[in-house]
file upload-v3.txt (compact mmCIF, C-alpha atoms and all ligand atoms)
# COMPACT_ATOMS: atom_id res chain seq x y z
CA MET A 192 13.76 -18.80 20.56
CA TYR A 193 10.71 -17.56 18.64
CA ASP A 194 9.29 -19.36 15.60
CA VAL A 195 8.88 -16.05 13.85
CA LEU A 196 9.98 -12.51 14.62
CA ILE A 197 8.29 -9.70 12.71
CA ILE A 198 9.93 -6.32 12.25
CA GLY A 199 7.37 -3.52 11.86
CA GLY A 200 3.76 -3.21 13.01
CA GLY A 201 2.14 -1.70 9.88
CA PRO A 202 -0.49 -3.62 7.88
CA ALA A 203 2.09 -6.17 6.64
CA GLY A 204 3.60 -6.84 10.07
CA SER A 205 0.26 -6.96 11.90
CA SER A 206 -1.29 -9.25 9.31
CA ALA A 207 1.74 -11.54 9.44
CA GLY A 208 1.49 -11.52 13.25
CA ARG A 209 -2.21 -12.29 13.31
CA ARG A 210 -1.80 -15.18 10.88
CA ALA A 211 1.23 -16.55 12.73
CA GLY A 212 -0.64 -16.30 16.02
CA GLU A 213 -3.69 -18.05 14.57
CA LEU A 214 -1.39 -20.84 13.44
CA GLU A 215 -0.02 -21.01 16.99
CA LEU A 216 3.51 -20.05 16.04
CA LYS A 217 5.54 -18.52 18.87
CA THR A 218 5.65 -14.97 17.55
CA LEU A 219 7.27 -11.67 18.48
CA LEU A 220 6.60 -8.37 16.69
CA ILE A 221 8.94 -5.42 17.24
CA GLU A 222 7.81 -1.93 16.23
CA LYS A 223 10.03 1.14 16.55
CA GLU A 224 7.19 3.60 17.19
CA ILE A 225 4.60 3.63 19.94
CA PHE A 226 1.10 3.22 18.49
CA PRO A 227 -1.03 5.04 17.59
CA ARG A 228 1.56 6.73 15.35
CA TYR A 229 1.24 8.95 12.29
CA LYS A 230 1.80 7.32 8.89
CA PRO A 231 1.75 9.44 5.71
CA CYS A 232 -1.07 7.93 3.64
CA ALA A 233 -4.29 8.88 1.85
CA GLY A 234 -6.04 6.24 3.95
CA GLY A 235 -7.84 4.47 1.09
CA LEU A 236 -8.68 0.95 2.23
CA SER A 237 -9.97 -0.85 -0.85
CA ASN A 238 -12.72 -3.42 -0.64
CA LEU A 239 -10.14 -5.88 -1.91
CA ALA A 240 -7.98 -5.12 1.16
CA ARG A 241 -10.97 -5.52 3.46
CA SER A 242 -11.74 -8.89 1.89
CA TYR A 243 -8.43 -10.22 3.25
CA LEU A 244 -9.19 -9.23 6.85
CA ASN A 245 -10.94 -11.91 8.86
CA PHE A 246 -12.50 -9.38 11.24
CA VAL A 247 -14.90 -6.50 10.84
CA ILE A 248 -13.71 -2.89 10.55
CA PRO A 249 -15.87 -1.02 13.09
CA ALA A 250 -17.89 2.02 12.04
CA TRP A 251 -15.77 4.39 14.18
CA ILE A 252 -12.69 3.49 12.07
CA ALA A 253 -14.49 3.68 8.71
CA GLU A 254 -14.54 7.47 8.34
CA LYS A 255 -16.14 7.47 4.90
CA GLU A 256 -17.48 4.72 2.67
CA ILE A 257 -16.50 5.53 -0.91
CA PHE A 258 -18.87 4.86 -3.80
CA GLY A 259 -17.44 6.95 -6.60
CA ALA A 260 -14.56 8.86 -8.18
CA ARG A 261 -14.27 12.33 -9.66
CA VAL A 262 -11.40 12.24 -12.13
CA GLN A 263 -9.78 15.35 -13.57
CA PHE A 264 -7.09 15.78 -16.14
CA ASN A 265 -5.42 19.08 -15.42
CA ASN A 266 -3.70 19.45 -18.80
CA ARG A 267 -7.02 19.12 -20.54
CA ALA A 268 -8.86 22.31 -19.69
CA LYS A 269 -9.62 20.70 -16.37
CA GLN A 270 -12.16 18.23 -17.75
CA VAL A 271 -13.98 16.41 -15.00
CA ILE A 272 -15.63 12.99 -15.12
CA GLU A 273 -17.55 11.62 -12.19
CA VAL A 274 -18.63 8.04 -11.74
CA GLN A 275 -20.85 6.72 -8.94
CA LYS A 276 -21.49 3.12 -8.06
CA ASP A 277 -24.34 1.69 -6.06
CA TYR A 278 -21.86 -0.37 -4.06
CA ARG A 279 -18.82 0.49 -1.97
CA ILE A 280 -15.37 0.64 -3.61
CA ALA A 281 -13.27 1.57 -0.60
CA THR A 282 -13.31 2.88 2.93
CA LEU A 283 -11.34 5.88 4.14
CA VAL A 284 -9.46 5.47 7.40
CA SER A 285 -6.89 7.40 9.41
CA ARG A 286 -3.80 5.25 9.43
CA SER A 287 -2.85 6.02 13.02
CA ILE A 288 -6.19 4.56 14.18
CA PHE A 289 -6.44 1.80 11.56
CA ASP A 290 -2.91 0.46 12.11
CA ASP A 291 -3.40 0.51 15.87
CA TYR A 292 -6.60 -1.49 15.44
CA LEU A 293 -4.91 -4.04 13.13
CA LEU A 294 -2.15 -4.56 15.65
CA LYS A 295 -4.72 -5.06 18.43
CA GLN A 296 -6.37 -7.78 16.32
CA ALA A 297 -2.98 -9.45 15.97
CA ARG A 298 -2.28 -9.21 19.71
CA LYS A 299 -5.54 -11.07 20.39
CA THR A 300 -3.86 -14.25 19.14
CA GLY A 301 -1.48 -14.12 22.10
CA MET A 302 1.66 -13.02 20.25
CA ASP A 303 4.32 -10.90 21.99
CA VAL A 304 4.66 -7.27 20.94
CA ILE A 305 7.42 -4.81 21.79
CA MET A 306 6.76 -1.15 20.93
CA GLY A 307 9.20 1.73 20.77
CA GLU A 308 12.25 -0.40 20.01
CA LYS A 309 14.11 -0.17 16.71
CA VAL A 310 15.64 -3.24 15.11
CA LEU A 311 19.11 -2.43 13.84
CA ASN A 312 20.32 -5.59 12.17
CA CYS A 313 19.78 -9.32 11.64
CA GLN A 314 22.30 -12.09 11.20
CA GLU A 315 21.20 -15.29 9.55
CA LYS A 316 22.71 -18.48 11.01
CA GLU A 317 22.19 -22.06 9.90
CA ASP A 318 19.31 -22.80 12.29
CA ARG A 319 18.07 -19.31 13.30
CA VAL A 320 18.26 -15.58 12.82
CA GLU A 321 19.77 -13.29 15.45
CA VAL A 322 17.97 -9.96 15.61
CA PHE A 323 19.76 -6.99 17.12
CA SER A 324 17.64 -4.13 18.41
CA GLU A 325 18.57 -0.94 20.25
CA ASN A 326 18.06 -2.76 23.55
CA SER A 327 18.58 -6.45 23.10
CA VAL A 328 19.30 -9.50 20.94
CA TYR A 329 16.48 -11.86 19.99
CA ARG A 330 16.53 -15.26 18.35
CA ALA A 331 13.96 -16.64 15.94
CA LYS A 332 13.77 -19.48 13.44
CA TYR A 333 12.39 -17.09 10.81
CA VAL A 334 12.15 -13.32 10.41
CA ILE A 335 9.65 -11.25 8.42
CA ILE A 336 10.90 -7.76 7.59
CA ALA A 337 7.84 -5.49 7.29
CA GLU A 338 9.63 -2.18 7.82
CA GLY A 339 7.80 -0.34 5.03
CA ALA A 340 9.27 1.61 2.13
CA ARG A 341 11.95 3.27 4.24
CA GLY A 342 14.59 1.53 6.33
CA ASN A 343 17.69 -0.43 5.47
CA LEU A 344 16.93 -3.90 6.76
CA LYS A 345 15.46 -4.95 3.42
CA LYS A 346 19.00 -4.68 2.03
CA LEU A 347 19.74 -7.91 3.89
CA VAL A 348 17.63 -9.58 1.19
CA ARG A 349 17.78 -7.38 -1.90
CA ASN A 350 19.54 -4.45 -3.49
CA LYS A 351 18.59 -0.87 -2.78
CA THR A 352 15.60 0.38 -4.78
CA SER A 353 16.64 2.77 -7.54
CA GLU A 354 14.82 6.03 -8.25
CA ASP A 355 13.02 4.69 -11.31
CA GLN A 356 11.46 1.96 -9.17
CA ILE A 357 9.95 4.17 -6.53
CA TYR A 358 7.45 7.03 -6.28
CA ALA A 359 7.91 10.16 -4.22
CA SER A 360 4.87 11.53 -2.44
CA LEU A 361 3.75 14.48 -0.35
CA VAL A 362 0.63 14.53 1.74
CA THR A 363 -1.11 16.83 4.17
CA GLU A 364 -4.29 16.71 6.24
CA ILE A 365 -6.47 19.80 6.00
CA PRO A 366 -9.09 20.26 8.74
CA LYS A 367 -12.56 21.04 7.39
CA LYS A 368 -16.06 20.69 8.81
CA ASN A 369 -17.85 17.53 7.70
CA GLU A 370 -20.74 19.57 6.20
CA VAL A 371 -18.28 21.32 3.87
CA ILE A 372 -16.57 18.04 2.94
CA VAL A 373 -19.87 16.33 2.22
CA GLY A 374 -20.98 19.32 0.14
CA PHE A 375 -17.83 19.17 -1.99
CA LEU A 376 -17.13 15.45 -2.35
CA SER A 377 -19.69 13.47 -0.39
CA ASN A 378 -18.63 9.82 -0.72
CA THR A 379 -16.34 10.34 -3.71
CA VAL A 380 -12.59 10.47 -4.08
CA ASN A 381 -11.11 13.20 -6.26
CA ILE A 382 -8.18 12.28 -8.51
CA HIS A 383 -6.15 14.77 -10.60
CA PHE A 384 -4.03 13.46 -13.46
CA GLY A 385 -1.56 15.51 -15.45
CA LEU A 386 0.23 17.08 -12.49
CA THR A 387 3.28 14.84 -12.27
CA HIS A 388 5.29 12.42 -14.32
CA ARG A 389 3.75 8.97 -13.62
CA GLY A 390 1.52 9.91 -10.77
CA TYR A 391 -1.47 11.94 -9.69
CA GLY A 392 -2.85 14.27 -7.07
CA TRP A 393 -5.71 13.37 -4.74
CA ILE A 394 -8.26 14.95 -2.45
CA PHE A 395 -9.88 12.35 -0.20
CA PRO A 396 -12.75 13.16 2.19
CA HIS A 397 -12.11 11.99 5.75
CA ASP A 398 -13.80 12.68 9.08
CA ASN A 399 -13.43 16.45 9.53
CA TYR A 400 -10.39 16.68 7.26
CA TYR A 401 -9.21 16.24 3.69
CA SER A 402 -6.19 14.16 2.80
CA VAL A 403 -4.55 16.08 -0.03
CA GLY A 404 -1.49 14.64 -1.69
CA LEU A 405 0.66 14.16 -4.73
CA ALA A 406 2.71 11.25 -6.02
CA GLY A 407 5.07 10.88 -8.97
CA LEU A 408 8.06 8.87 -10.07
CA ALA A 409 11.01 9.80 -7.85
CA GLY A 410 13.92 11.44 -9.61
CA SER A 411 11.87 12.61 -12.61
CA ASN A 412 9.64 15.22 -11.03
CA PRO A 413 11.74 18.32 -10.40
CA GLY A 414 9.98 20.99 -8.36
CA PHE A 415 7.74 18.43 -6.63
CA LYS A 416 7.09 20.68 -3.63
CA ARG A 417 6.18 23.60 -5.90
CA ILE A 418 3.74 21.39 -7.87
CA MET A 419 2.12 20.37 -4.60
CA LYS A 420 1.80 24.00 -3.49
CA THR A 421 0.15 24.96 -6.78
CA PHE A 422 -2.16 21.96 -6.56
CA LEU A 423 -3.22 23.04 -3.08
CA GLU A 424 -3.77 26.66 -4.10
CA GLU A 425 -5.71 25.76 -7.24
CA ASN A 426 -8.10 23.80 -5.09
CA GLY A 427 -8.65 26.61 -2.64
CA PHE A 428 -6.29 25.40 0.10
CA THR A 429 -4.30 28.53 0.76
CA GLY A 430 -3.15 28.09 4.35
CA GLU A 431 0.24 27.00 5.64
CA TYR A 432 0.22 23.21 5.63
CA LYS A 433 2.78 20.81 6.98
CA LEU A 434 3.73 18.51 4.10
CA LYS A 435 4.92 15.02 4.92
CA GLY A 436 6.78 12.92 2.43
CA ASN A 437 7.36 9.25 1.98
CA PHE A 438 8.25 6.78 -0.73
CA ILE A 439 5.93 4.33 -2.45
CA PRO A 440 7.61 1.40 -4.21
CA ALA A 441 6.47 0.49 -7.72
CA GLY A 442 5.16 -3.05 -7.66
CA GLU A 443 6.15 -6.01 -9.83
CA ILE A 444 9.68 -4.81 -10.40
CA LYS A 445 11.70 -8.01 -10.13
CA ARG A 446 13.01 -8.02 -6.59
CA LYS A 447 14.32 -10.74 -4.34
CA LEU A 448 11.76 -11.52 -1.61
CA GLN A 449 13.51 -14.00 0.64
CA THR A 450 16.80 -15.43 1.76
CA GLY A 451 16.76 -18.76 3.58
CA ARG A 452 15.26 -17.50 6.85
CA ILE A 453 14.37 -13.87 6.16
CA PHE A 454 11.20 -12.85 4.30
CA LEU A 455 10.16 -9.41 3.04
CA ALA A 456 6.49 -8.38 3.16
CA GLY A 457 4.46 -5.31 2.22
CA ASP A 458 6.27 -2.17 1.06
CA ALA A 459 9.59 -3.71 2.10
CA ALA A 460 8.99 -6.30 -0.64
CA GLY A 461 7.81 -3.59 -3.07
CA PHE A 462 4.21 -4.84 -3.25
CA VAL A 463 2.24 -1.79 -4.38
CA ASP A 464 -0.17 -1.17 -7.26
CA SER A 465 1.94 1.03 -9.55
CA PHE A 466 -1.02 2.81 -11.09
CA THR A 467 -3.01 3.73 -7.99
CA GLY A 468 -0.30 3.55 -5.29
CA GLU A 469 -2.53 1.24 -3.28
CA GLY A 470 -0.36 -0.89 -1.02
CA ILE A 471 -2.45 -1.85 2.03
CA THR A 472 -4.10 -4.76 0.16
CA TYR A 473 -0.78 -6.33 -0.76
CA ALA A 474 0.82 -5.57 2.60
CA VAL A 475 -1.98 -7.42 4.38
CA ARG A 476 -1.97 -10.36 2.00
CA SER A 477 1.81 -10.76 1.72
CA GLY A 478 2.14 -10.66 5.52
CA GLN A 479 -0.42 -13.44 5.80
CA LEU A 480 1.30 -15.46 3.07
CA ALA A 481 4.75 -15.07 4.64
CA ALA A 482 3.45 -16.34 8.00
CA GLY A 483 1.59 -19.17 6.27
CA THR A 484 4.73 -20.25 4.40
CA ILE A 485 6.80 -20.24 7.59
CA TYR A 486 4.15 -22.36 9.30
CA GLU A 487 4.28 -24.88 6.44
CA ILE A 488 8.08 -25.11 6.68
CA LEU A 489 8.03 -25.54 10.46
CA SER A 490 5.33 -28.18 10.30
CA GLY A 491 7.24 -30.12 7.66
CA LYS A 492 4.73 -29.52 4.87
CA ARG A 493 7.18 -27.51 2.84
CA ASP A 494 10.90 -27.80 2.10
CA GLY A 495 12.62 -24.98 3.99
CA SER A 496 15.59 -24.92 1.65
CA SER A 497 13.44 -23.91 -1.31
CA LEU A 498 12.90 -20.21 -1.80
CA GLU A 499 9.96 -20.72 -4.12
CA GLY A 500 6.93 -21.22 -1.88
CA TYR A 501 6.42 -17.64 -0.76
CA VAL A 502 7.33 -16.14 -4.13
CA LYS A 503 4.88 -18.45 -5.89
CA ALA A 504 2.10 -17.75 -3.43
CA CYS A 505 2.49 -13.97 -3.88
CA LYS A 506 2.60 -14.31 -7.67
CA GLN A 507 -0.49 -16.48 -7.72
CA GLU A 508 -2.49 -14.27 -5.41
CA PHE A 509 -1.68 -10.80 -6.66
CA GLY A 510 1.21 -10.93 -9.17
CA GLY A 511 -1.25 -10.28 -12.01
CA ASN A 512 -2.54 -7.08 -10.43
CA LEU A 513 0.96 -5.76 -9.76
CA ASN A 514 2.12 -6.68 -13.23
CA TYR A 515 -0.79 -5.07 -15.12
CA SER A 516 -0.80 -1.97 -12.92
CA LEU A 517 2.87 -1.38 -13.70
CA LYS A 518 2.20 -1.78 -17.44
CA LEU A 519 -0.74 0.60 -17.21
CA ALA A 520 1.30 3.17 -15.29
CA ARG A 521 4.08 3.03 -17.89
CA LYS A 522 1.69 3.19 -20.87
CA PHE A 523 -0.18 6.04 -19.30
CA HIS A 524 3.02 7.99 -19.11
CA ASN A 525 4.31 7.12 -22.57
CA ILE A 526 1.13 8.00 -24.44
CA PRO A 527 -0.85 10.20 -22.03
CA GLU A 528 -2.84 12.08 -24.69
CA PHE A 529 -3.93 8.86 -26.37
CA LEU A 530 -4.82 7.26 -23.10
CA PHE A 531 -6.71 10.29 -21.95
CA ASP A 532 -8.86 10.26 -25.08
CA ARG A 533 -9.43 6.56 -24.86
CA PHE A 534 -9.36 5.94 -21.16
CA VAL A 535 -9.73 8.65 -18.59
CA SER A 536 -12.29 10.65 -20.57
CA LYS A 537 -14.69 7.70 -20.77
CA PRO A 538 -16.95 7.28 -17.75
CA ARG A 539 -17.57 3.69 -18.82
CA ILE A 540 -13.88 2.89 -18.53
CA ILE A 541 -13.52 4.54 -15.15
CA ASP A 542 -16.65 2.79 -13.99
CA LYS A 543 -15.15 -0.56 -14.93
CA PHE A 544 -11.71 0.31 -13.52
CA LEU A 545 -13.25 1.04 -10.11
CA ASP A 546 -14.33 -2.59 -9.94
CA ILE A 547 -10.64 -3.47 -9.35
CA PRO A 548 -10.32 -1.79 -5.92
CA ALA A 549 -13.92 -2.85 -5.30
CA GLY A 550 -12.56 -6.41 -5.50
CA ARG A 551 -15.04 -7.40 -8.22
CA ILE A 552 -12.57 -7.89 -11.08
CA THR A 553 -8.81 -8.28 -11.45
CA TYR A 554 -6.56 -6.08 -13.59
CA LYS A 555 -6.31 -9.00 -16.00
CA GLU A 556 -10.08 -9.12 -16.41
CA PHE A 557 -10.14 -5.36 -16.89
CA ASN A 558 -7.46 -5.65 -19.55
CA SER A 559 -9.41 -8.33 -21.42
CA TRP A 560 -12.58 -6.26 -21.24
CA LEU A 561 -10.99 -3.02 -22.54
CA PRO A 562 -10.84 -3.86 -26.28
CA THR A 563 -14.43 -5.07 -26.19
CA ALA A 564 -15.49 -1.68 -24.85
CA ILE A 565 -13.38 0.59 -27.01
CA SER A 566 -11.82 -0.11 -30.37
CA LYS A 567 -8.12 0.56 -30.99
CA ILE A 568 -7.23 0.39 -27.31
CA PRO A 569 -4.16 -1.78 -26.83
CA ARG A 570 -4.20 -4.69 -24.50
CA PHE A 571 -1.24 -4.53 -22.14
CA LYS A 572 1.01 -7.46 -22.83
CA CYS A 573 1.99 -9.16 -19.59
C1 LIG B 601 1.51 9.47 0.78
C2 LIG B 601 1.06 8.04 0.68
C3 LIG B 601 -0.27 7.75 0.42
C4 LIG B 601 -0.70 6.41 0.35
N1 LIG B 601 -2.04 6.15 0.18
C5 LIG B 601 -2.47 4.87 0.16
C6 LIG B 601 -3.86 4.58 0.09
O1 LIG B 601 -4.71 5.45 0.07
N2 LIG B 601 -4.24 3.26 0.05
C7 LIG B 601 -3.33 2.25 0.09
O2 LIG B 601 -3.73 1.07 0.02
N3 LIG B 601 -2.00 2.51 0.18
C8 LIG B 601 -1.55 3.77 0.23
N4 LIG B 601 -0.21 4.03 0.37
C9 LIG B 601 0.71 2.91 0.48
C10 LIG B 601 0.60 2.32 1.89
O3 LIG B 601 0.80 3.33 2.86
C11 LIG B 601 1.67 1.22 2.09
O4 LIG B 601 1.64 0.35 0.98
C12 LIG B 601 1.43 0.44 3.37
O5 LIG B 601 1.52 1.28 4.51
C13 LIG B 601 2.47 -0.68 3.49
O6 LIG B 601 2.35 -1.31 4.74
P1 LIG B 601 3.64 -1.94 5.44
O7 LIG B 601 3.15 -2.62 6.66
O8 LIG B 601 4.41 -2.70 4.45
O9 LIG B 601 4.56 -0.69 5.84
P2 LIG B 601 4.26 0.54 6.81
O10 LIG B 601 2.82 0.84 6.87
O11 LIG B 601 5.18 1.62 6.37
O12 LIG B 601 4.69 0.01 8.24
C14 LIG B 601 6.04 -0.25 8.56
C15 LIG B 601 6.21 -0.20 10.06
O13 LIG B 601 7.51 -0.68 10.39
C16 LIG B 601 8.06 0.13 11.41
N5 LIG B 601 9.52 0.03 11.31
C17 LIG B 601 10.29 0.48 10.32
N6 LIG B 601 11.59 0.18 10.54
C18 LIG B 601 11.64 -0.49 11.72
C19 LIG B 601 12.70 -1.05 12.49
N7 LIG B 601 13.97 -0.98 12.09
N8 LIG B 601 12.40 -1.65 13.67
C20 LIG B 601 11.10 -1.72 14.10
N9 LIG B 601 10.05 -1.19 13.40
C21 LIG B 601 10.32 -0.60 12.22
C22 LIG B 601 7.52 1.51 11.12
O14 LIG B 601 7.53 2.35 12.26
C23 LIG B 601 6.10 1.19 10.62
O15 LIG B 601 5.16 1.23 11.68
C24 LIG B 601 0.24 5.36 0.47
C25 LIG B 601 1.59 5.65 0.71
C26 LIG B 601 1.99 6.98 0.84
C27 LIG B 601 3.43 7.27 1.13
call {"tool": "encode", "arguments": {"input": "upload-v3.txt", "output": "structure tokens", "more": "lines below"}}
Ligand SMILES: Cc1cc2nc3c(=O)[nH]c(=O)nc-3n(C[C@H](O)[C@H](O)[C@H](O)COP(=O)(O)OP(=O)(O)OC[C@H]3O[C@@H](n4cnc5c(N)ncnc54)[C@H](O)[C@@H]3O)c2cc1C
result
Amino acid sequence: MYDVLIIGGGPAGSSAGRRAGELELKTLLIEKEIFPRYKPCAGGLSNLARSYLNFVIPAWIAEKEIFGARVQFNNRAKQVIEVQKDYRIATLVSRSIFDDYLLKQARKTGMDVIMGEKVLNCQEKEDRVEVFSENSVYRAKYVIIAEGARGNLKKLVRNKTSEDQIYASLVTEIPKKNEVIVGFLSNTVNIHFGLTHRGYGWIFPHDNYYSVGLAGLAGSNPGFKRIMKTFLEENGFTGEYKLKGNFIPAGEIKRKLQTGRIFLAGDAAGFVDSFTGEGITYAVRSGQLAAGTIYEILSGKRDGSSLEGYVKACKQEFGGNLNYSLKLARKFHNIPEFLFDRFVSKPRIIDKFLDIPAGRITYKEFNSWLPTAISKIPRFKC
């Protein structure tokens, strides 16, 4: 019988595992793939995400340190605004390497890991959860489902995510020599608004490749593949590229996070910044919080019959960011022209906004600052 069994070895699962191991819980993590594995992602690891890791990201994983953003609004005669900081906002990583490294940090705590085995179902009993995989049945006092945006296990806790609560995305990696990448973007990410309904396109500079992708609200972006193709061509990427798709949940939609003994963390819980699509931060932190809550229950510091501890902890730590980012994403869609004039076209605003992923301010602080910077800009009511 394990204290905690974690399903999925992405940032949420690994972070839950590392925390559980540090707290000396008897822990098992089951991952269906064999690492290193490919994960569709732009690979933007915000400074905020890094601040939650209690180990250093080595230089060979940090492919580019990002100090600025070049923002374009394609409907607006392709206006371009570029902002540079004198401090780092984010780090670009390849997810196959980064996730493998995170899992290795978790393993160091002595937890058990099984790779290449898919969990098929869980059954919650009074004193444990039975976990059925392709190969075996495991027993644990608590389970953390960290299966990501896809997968059906989350339905054991909450209803299926509807199309207006999730973003579709396409991404590809385009090989390019570092000299060319540095010449074009250097240490800057390139964001293109105005391509999709509630979303954006990106070109991120990695080590000898670009990550080029597109995201938009699922179900309301017909011709998504065609838009991506045009986006690629307009930016000079004319080869045949393999496009990979995945979903990104919109954060702060009211979703159930826990039954008695089963917790959801990361994308499975829907914890993603709705405006930027950044989810690694909240995957890492929610994994840690889920493990911490389970530890408190098992050590008698918290009432196990209450479902409030984990929910409260998540709300306190990052509920504000998810809430404001969802409001911003919705406003941006409803009045894009207005927001472009007042928001995206102002380097000062972008400069301030970048302090959110930099981990220097919260969305709430950004929202309070906005009206002091620009008149007639609405505060988002949260
Ligand atoms: C195209 C795209 C671009 C993105 N870009 C960024 C970005 O630049 N920055 C950022 O912060 N976020 C980004 N995100 C979001 C980010 O990828 C996610 O928020 C993050 O990966 C969530 O981590 P997770 O651990 O919850 O899930 P995942 O990373 O998806 O990991 C889930 C793991 O669970 C495993 N698994 C699934 N089902 C089972 C099962 N039944 N049994 C065993 N194992 C299972 C999977 O194999 C996987 O390894 C992007 C997402 C997409 C789709």
call {"tool": "atom_distance", "arguments": {"input": "upload-v3.txt", "atom1": "atom CA of A:Val284", "atom2": "atom CA of A:Glu443"}}
result
25.9 Å
call {"tool": "residues_around", "arguments": {"input": "upload-v3.txt", "residues": "A:Tyr358", "least_positions_apart": "4", "cutoff": "10 Å", "atoms": "only C-alpha atoms", "output": "ChimeraX atom specification"}}
result
/A:354,388-390,405-412,437-441,465,468
call {"tool": "atom_distance", "arguments": {"input": "upload-v3.txt", "atom1": "atom CA of A:Ser237", "atom2": "atom CA of A:Tyr554"}}
result
14.2 Å
call {"tool": "atom_distance", "arguments": {"input": "upload-v3.txt", "atom1": "atom CA of A:Asp494", "atom2": "atom CA of A:Arg476"}}
result
21.7 Å
call {"tool": "residues_near_ligand", "arguments": {"input": "upload-v3.txt", "ligand": "ligand LIG 601 (chain B)", "cutoff": "7 Å", "atoms": "all atoms listed in the file", "output": "PyMOL selection string"}}
result
chain A and resi 198-204+221-224+230-237+308-311+337-342+344+360-362+404+436-439+456-459+463+468-472+474
call {"tool": "residues_around", "arguments": {"input": "upload-v3.txt", "residues": "stretch 247-263 of chain A", "least_positions_apart": "4", "cutoff": "6 Å", "atoms": "all atoms listed in the file", "output": "list in words"}}
result
Gln270, Val271, Ile272, Glu273, Val274, Gln275, Lys276, Arg279, Ile280, Ala281, Thr282, Leu283, Val284, Asn378, Thr379, Val380, Asn381, Ile382, His383, His397 and Asp398 of chain A
call {"tool": "closest_residue", "arguments": {"input": "upload-v3.txt", "among": "A:Lys367, A:Arg446, A:Arg539, A:Arg330", "to": "A:Leu561", "atoms": "all atoms listed in the file"}}
result
A:Arg539
call {"tool": "residues_near_point", "arguments": {"input": "upload-v3.txt", "point": "(3.3, -3.9, -14.1)", "cutoff": "8 Å", "atoms": "all atoms listed in the file", "output": "PyMOL selection string"}}
result
chain A and resi 442-444+465+512-521+573
call {"tool": "closest_residue", "arguments": {"input": "upload-v3.txt", "among": "A:Glu321, A:Glu425, A:Asp542, A:Glu508", "to": "A:Leu196", "atoms": "only C-alpha atoms"}}
result
A:Glu321
call {"tool": "closest_residue", "arguments": {"input": "upload-v3.txt", "among": "A:Phe544, A:Phe422, A:Phe428, A:Tyr400", "to": "A:Phe466", "atoms": "all atoms listed in the file"}}
result
A:Phe544
call {"tool": "residues_around", "arguments": {"input": "upload-v3.txt", "residues": "stretch 484-488 of chain A", "least_positions_apart": "3", "cutoff": "8 Å", "atoms": "all atoms listed in the file", "output": "list in words"}}
result
Val195, Ala211, Leu214, Leu216, Tyr333, Leu480, Ala481, Gly491, Lys492, Arg493, Asp494, Gly495, Gly500 and Tyr501 of chain A
call {"tool": "residues_near_point", "arguments": {"input": "upload-v3.txt", "point": "(-0.2, 28.4, 3.9)", "cutoff": "12 Å", "atoms": "all atoms listed in the file", "output": "list in words"}}
result
Thr363, Ile365, Met419, Lys420, Thr421, Leu423, Glu424, Gly427, Phe428, Thr429, Gly430, Glu431, Tyr432, Lys433 and Leu434 of chain A
